[in-house]
$ cat entry13.csv   # CSV, C-alpha atoms
chain,number,residue,atom,x,y,z
A,1,MET,CA,115.1,90.8,105.9
A,2,GLY,CA,112.5,90.2,103.2
A,3,ARG,CA,109.4,92.2,102.3
A,4,THR,CA,105.9,91.8,103.5
A,5,ILE,CA,103.7,91.5,100.4
A,6,LEU,CA,99.9,91.4,100.2
A,7,ILE,CA,98.4,90.1,96.9
A,8,THR,CA,94.6,90.1,96.6
A,9,GLY,CA,93.0,87.4,94.4
A,10,ALA,CA,96.2,85.3,94.6
A,11,SER,CA,94.8,81.8,94.3
A,12,THR,CA,94.8,81.7,90.5
A,13,GLY,CA,96.0,83.5,87.4
A,14,ILE,CA,97.9,86.8,87.6
A,15,GLY,CA,97.7,86.9,91.4
A,16,ALA,CA,99.1,83.4,91.8
A,17,ALA,CA,101.9,84.0,89.3
A,18,THR,CA,102.8,87.2,91.1
A,19,ALA,CA,103.0,85.4,94.5
A,20,LEU,CA,105.4,82.8,93.0
A,21,ARG,CA,107.6,85.4,91.3
A,22,LEU,CA,107.9,87.4,94.5
A,23,ALA,CA,108.2,84.5,96.9
A,24,THR,CA,111.9,84.3,97.6
A,25,ASP,CA,112.8,85.5,101.1
A,26,ASN,CA,109.5,87.3,101.5
A,27,ASP,CA,106.3,87.1,103.6
A,28,VAL,CA,103.6,86.7,101.0
A,29,VAL,CA,99.9,87.1,102.1
A,30,ILE,CA,97.8,85.1,99.7
A,31,HIS,CA,94.3,86.5,99.7
A,32,TYR,CA,91.4,84.4,98.3
A,33,TYR,CA,87.7,84.0,98.6
A,34,HIS,CA,86.3,81.1,96.6
A,35,SER,CA,89.3,79.0,95.6
A,36,GLU,CA,90.7,77.5,98.9
A,37,THR,CA,92.3,74.5,97.3
A,38,SER,CA,94.1,76.6,94.7
A,39,ALA,CA,95.2,79.1,97.3
A,40,GLN,CA,96.7,76.3,99.4
A,41,GLN,CA,98.6,75.0,96.3
A,42,VAL,CA,99.9,78.5,95.7
A,43,ALA,CA,101.0,78.7,99.4
A,44,ASP,CA,102.8,75.4,99.0
A,45,GLN,CA,104.6,76.7,95.9
A,46,VAL,CA,105.6,79.9,97.6
A,47,ARG,CA,107.1,77.9,100.5
A,48,GLN,CA,109.0,75.8,98.0
A,49,GLY,CA,110.2,79.0,96.4
A,50,GLY,CA,111.8,80.2,99.6
A,51,GLY,CA,108.9,82.4,100.8
A,52,ARG,CA,106.7,82.4,103.9
A,53,PRO,CA,103.1,82.3,102.9
A,54,MET,CA,100.0,83.3,104.9
A,55,LEU,CA,96.5,82.5,103.7
A,56,VAL,CA,93.6,84.9,104.3
A,57,ARG,CA,90.1,84.3,103.1
A,58,ALA,CA,87.9,87.4,102.8
A,59,ASP,CA,85.1,88.8,100.6
A,60,LEU,CA,86.6,92.0,99.4
A,61,ALA,CA,83.4,93.1,97.7
A,62,THR,CA,82.2,94.0,101.3
A,63,GLN,CA,83.4,96.5,103.8
A,64,ALA,CA,83.8,93.8,106.4
A,65,GLY,CA,85.9,91.6,104.2
A,66,CYS,CA,88.4,94.5,103.5
A,67,GLN,CA,88.6,95.2,107.2
A,68,GLN,CA,89.2,91.6,108.0
A,69,LEU,CA,92.1,91.3,105.5
A,70,ALA,CA,93.8,94.5,106.6
A,71,GLN,CA,93.4,93.6,110.3
A,72,ALA,CA,94.9,90.1,109.7
A,73,VAL,CA,98.0,91.6,108.0
A,74,GLY,CA,98.4,94.2,110.7
A,75,GLN,CA,98.1,91.7,113.5
A,76,GLN,CA,100.6,89.3,111.9
A,77,TYR,CA,103.2,91.7,110.7
A,78,GLY,CA,102.5,95.3,111.9
A,79,LYS,CA,103.6,96.7,108.6
A,80,LEU,CA,103.3,96.2,104.8
A,81,ASP,CA,105.9,96.8,102.1
A,82,VAL,CA,103.8,96.0,99.0
A,83,LEU,CA,100.1,95.9,98.2
A,84,VAL,CA,99.0,94.4,94.9
A,85,ASN,CA,95.3,95.1,94.2
A,86,ASN,CA,94.6,92.2,91.8
A,87,ALA,CA,91.2,90.9,92.9
A,88,GLY,CA,88.5,91.5,90.4
A,89,GLY,CA,86.1,89.9,87.9
A,90,LEU,CA,83.7,90.5,85.1
A,91,ILE,CA,80.7,89.1,87.0
A,92,GLU,CA,78.9,88.6,83.7
A,93,ARG,CA,78.8,89.9,80.2
A,94,CYS,CA,76.0,92.4,79.6
A,95,PRO,CA,75.0,94.5,76.7
A,96,ALA,CA,74.8,98.2,77.5
A,97,GLN,CA,71.0,98.4,77.1
A,98,GLN,CA,70.6,95.6,79.7
A,99,ILE,CA,72.7,97.1,82.5
A,100,ARG,CA,71.1,96.7,85.9
A,101,TRP,CA,71.7,98.7,89.0
A,102,GLU,CA,72.5,95.5,90.9
A,103,LEU,CA,75.2,94.6,88.4
A,104,LEU,CA,76.8,98.1,88.6
A,105,GLU,CA,77.0,97.6,92.4
A,106,GLN,CA,78.5,94.2,92.1
A,107,VAL,CA,81.1,95.0,89.5
A,108,PHE,CA,82.3,98.3,91.1
A,109,ALA,CA,82.3,96.7,94.6
A,110,LEU,CA,84.6,93.9,93.4
A,111,ASN,CA,86.9,95.8,91.0
A,112,THR,CA,87.0,99.3,92.4
A,113,PHE,CA,85.6,99.9,95.8
A,114,SER,CA,87.5,96.9,97.2
A,115,ALA,CA,90.9,98.2,96.0
A,116,MET,CA,90.2,101.8,97.1
A,117,TYR,CA,89.0,100.8,100.6
A,118,LEU,CA,91.6,98.2,101.2
A,119,THR,CA,94.3,100.6,100.2
A,120,ALA,CA,92.9,103.2,102.6
A,121,LEU,CA,93.0,100.6,105.4
A,122,CYS,CA,96.6,99.5,104.5
A,123,ILE,CA,98.2,103.0,104.2
A,124,PRO,CA,99.2,103.1,107.9
A,125,LEU,CA,100.8,99.7,107.5
A,126,LEU,CA,102.6,100.8,104.3
A,127,GLU,CA,103.9,103.9,106.1
A,128,GLN,CA,105.8,101.5,108.4
A,129,GLY,CA,107.2,99.6,105.4
A,130,GLU,CA,110.5,99.8,103.5
A,131,ASP,CA,110.2,101.5,100.1
A,132,PRO,CA,106.5,100.8,100.2
A,133,SER,CA,104.5,100.6,97.0
A,134,ILE,CA,101.1,99.8,95.6
A,135,VAL,CA,100.3,98.2,92.3
A,136,ASN,CA,96.8,98.2,90.9
A,137,ILE,CA,95.7,95.8,88.2
A,138,THR,CA,93.5,97.4,85.6
A,139,SER,CA,92.8,96.1,82.1
A,140,ILE,CA,93.3,96.7,78.4
A,141,ALA,CA,89.5,97.4,78.4
A,142,ILE,CA,90.2,100.9,79.8
A,143,ARG,CA,92.1,101.7,76.5
A,144,HIS,CA,89.8,100.6,73.7
A,145,GLY,CA,86.5,99.6,75.2
A,146,ALA,CA,85.0,96.2,75.7
A,147,PRO,CA,81.6,95.4,74.2
A,148,THR,CA,79.4,93.5,76.7
A,149,ALA,CA,82.1,94.3,79.4
A,150,THR,CA,81.5,98.1,79.4
A,151,VAL,CA,80.7,98.2,83.2
A,152,TYR,CA,83.9,96.2,84.0
A,153,ALA,CA,85.9,98.5,81.8
A,154,ALA,CA,84.5,101.5,83.5
A,155,ALA,CA,85.3,100.0,86.9
A,156,LYS,CA,88.9,99.4,85.9
A,157,GLY,CA,89.0,102.9,84.4
A,158,ALA,CA,88.1,104.3,87.8
A,159,LEU,CA,90.9,102.4,89.4
A,160,ASP,CA,93.3,103.8,86.8
A,161,VAL,CA,92.3,107.3,87.8
A,162,PHE,CA,92.6,106.4,91.4
A,163,THR,CA,96.2,105.2,90.8
A,164,ARG,CA,97.3,108.6,89.6
A,165,GLY,CA,95.5,110.6,92.3
A,166,LEU,CA,96.9,108.4,95.0
A,167,ALA,CA,100.4,108.5,93.6
A,168,LYS,CA,100.4,112.3,94.1
A,169,GLU,CA,98.7,112.2,97.4
A,170,LEU,CA,101.0,109.5,98.9
A,171,ALA,CA,104.3,110.8,97.4
A,172,PRO,CA,107.1,110.8,98.3
A,173,ARG,CA,106.7,108.0,100.9
A,174,ILE,CA,104.6,105.5,99.0
A,175,ARG,CA,104.8,104.8,95.3
A,176,VAL,CA,101.6,103.9,93.4
A,177,ASN,CA,101.5,102.3,89.9
A,178,ALA,CA,99.2,100.2,87.8
A,179,VAL,CA,99.6,97.4,85.2
A,180,ALA,CA,97.0,97.0,82.5
A,181,PRO,CA,97.1,93.5,81.1
A,182,GLY,CA,96.0,92.6,77.6
A,183,VAL,CA,94.3,89.3,76.8
A,184,ILE,CA,96.1,86.8,79.2
A,185,ASP,CA,95.6,83.1,79.2
A,186,THR,CA,94.1,82.7,82.7
A,187,PRO,CA,90.9,81.3,84.2
A,188,PHE,CA,89.3,84.8,83.7
A,189,HIS,CA,89.1,84.3,80.0
A,190,GLN,CA,88.5,80.6,80.2
A,191,LYS,CA,85.3,81.5,82.1
A,192,TYR,CA,84.1,84.6,80.2
A,193,THR,CA,85.5,84.4,76.6
A,194,THR,CA,84.7,81.9,74.0
A,195,PRO,CA,87.5,80.0,72.2
A,196,ASP,CA,86.6,81.7,68.9
A,197,ARG,CA,86.8,85.1,70.5
A,198,LEU,CA,90.2,84.2,72.1
A,199,ALA,CA,91.4,83.1,68.6
A,200,GLN,CA,90.3,86.5,67.2
A,201,PHE,CA,92.2,88.3,70.0
A,202,GLN,CA,95.3,86.3,69.2
A,203,ALA,CA,95.0,87.1,65.5
A,204,GLN,CA,94.7,90.8,66.2
A,205,THR,CA,97.7,90.9,68.6
A,206,PRO,CA,100.9,91.9,66.7
A,207,LEU,CA,103.0,89.4,68.7
A,208,GLY,CA,100.6,86.7,67.5
A,209,ARG,CA,99.7,85.1,70.8
A,210,LEU,CA,98.0,85.6,74.2
A,211,GLY,CA,100.0,86.7,77.2
A,212,SER,CA,100.9,84.6,80.2
A,213,ALA,CA,100.2,85.3,83.8
A,214,ASP,CA,103.9,85.4,84.6
A,215,GLU,CA,104.5,88.1,81.9
A,216,ILE,CA,102.1,90.3,83.9
A,217,ALA,CA,103.8,89.3,87.1
A,218,GLN,CA,107.1,90.5,85.6
A,219,ALA,CA,105.6,93.9,85.0
A,220,ILE,CA,104.3,94.0,88.6
A,221,GLN,CA,107.7,93.2,89.9
A,222,PHE,CA,109.2,96.0,87.8
A,223,CYS,CA,106.7,98.5,89.4
A,224,ILE,CA,107.7,97.3,92.8
A,225,GLU,CA,111.5,97.4,92.3
A,226,ASN,CA,111.9,100.6,90.3
A,227,PRO,CA,112.3,103.4,92.9
A,228,PHE,CA,111.7,106.3,90.5
A,229,LEU,CA,108.4,105.0,89.1
A,230,THR,CA,105.1,106.3,90.4
A,231,GLY,CA,101.8,107.4,88.9
A,232,GLU,CA,102.2,105.2,85.8
A,233,THR,CA,100.0,102.6,84.1
A,234,ILE,CA,102.1,100.0,82.3
A,235,ASP,CA,100.4,98.4,79.3
A,236,VAL,CA,101.4,94.7,78.7
A,237,ASN,CA,99.3,93.4,75.8
A,238,GLY,CA,101.5,92.2,73.0
A,239,GLY,CA,100.8,95.3,71.0
A,240,LEU,CA,97.0,94.9,70.9
A,241,PHE,CA,96.9,98.5,72.2
A,242,MET,CA,99.6,101.0,71.3
A,243,ARG,CA,100.0,104.7,72.3
$ encode --input "entry13.csv" --output "structure tokens"
Amino acid sequence: MGRTILITGASTGIGAATALRLATDNDVVIHYYHSETSAQQVADQVRQGGGRPMLVRADLATQAGCQQLAQAVGQQYGKLDVLVNNAGGLIERCPAQQIRWELLEQVFALNTFSAMYLTALCIPLLEQGEDPSIVNITSIAIRHGAPTATVYAAAKGALDVFTRGLAKELAPRIRVNAVAPGVIDTPFHQKYTTPDRLAQFQAQTPLGRLGSADEIAQAIQFCIENPFLTGETIDVNGGLFMR
């Protein structure tokens, strides 16, 4: 019997790659909000990969959207084995002196509040799962700052702290980890980062290239499958940040 896996923001990029990597023999809930066509394509690929996809559209930047998604999973499956909190976004680049209250609310709602609240709603479902685990997707921005993306970095930093606190609170039944991607070749950077800046990132990365979405999906899979791992944030960035 396969797992029931919920991946938020699974229509493109890291979320889509994770859905495909975890597809075989599993029920994969593909959450999306804007990209219905892409989400359907991911569902088709999950099905081709031996998985059983379910599509759910919800605005996770709202309380109602989080409730809608959790209820859909509960009604369909009655349990959850894996929650991957991947949904997020920069909203816009903004210098620190131009930060607006509205932008703070938008960025934290999408990147932090959504993951925190959806997790709370899904805990009863995870408690019914087999070796249940949560994986939160943060960012290299929490490590070395991100000029013009400082609000986004702070929102992801809050999710990083939430990961460790939650890991202690939910142990030993539910494991909680995070993955902090570096600069990954996904629609995120295609939208918010210029080609020149991407070239600079590539030159600064010791491995000499940008990462792929599937390389982050591999790290997510590791967090799910290692039964003695909890409370950790795994950095996957080609050496752009080292500890």
$ closest_residue --input "entry13.csv" --among "A:Gln128, A:Gln98, A:Gln41, A:Gln63" --to "Met116 in chain A" --atoms "only C-alpha atoms"
A:Gln63
$ atom_distance --input "entry13.csv" --atom1 "CA of Ala178 in chain A" --atom2 "CA of Asp196 in chain A"
29.3 Å
$ closest_residue --input "entry13.csv" --among "A:Leu126, A:Ile91, A:Ala109, A:Val46" --to "Ala70 in chain A" --atoms "all atoms listed in the file"
A:Leu126
$ closest_residue --input "entry13.csv" --among "A:Ala149, A:Ala23, A:Cys66, A:Ile140" --to "Thr193 in chain A" --atoms "all atoms listed in the file"
A:Ala149
$ axis_aligned_box --input "entry13.csv" --around "range 133-141 of chain A" --padding-each-side "3 Å" --output "JSON"
{"center_x": 97.0, "center_y": 98.2, "center_z": 87.7, "size_x": 21.0, "size_y": 10.8, "size_z": 24.6}
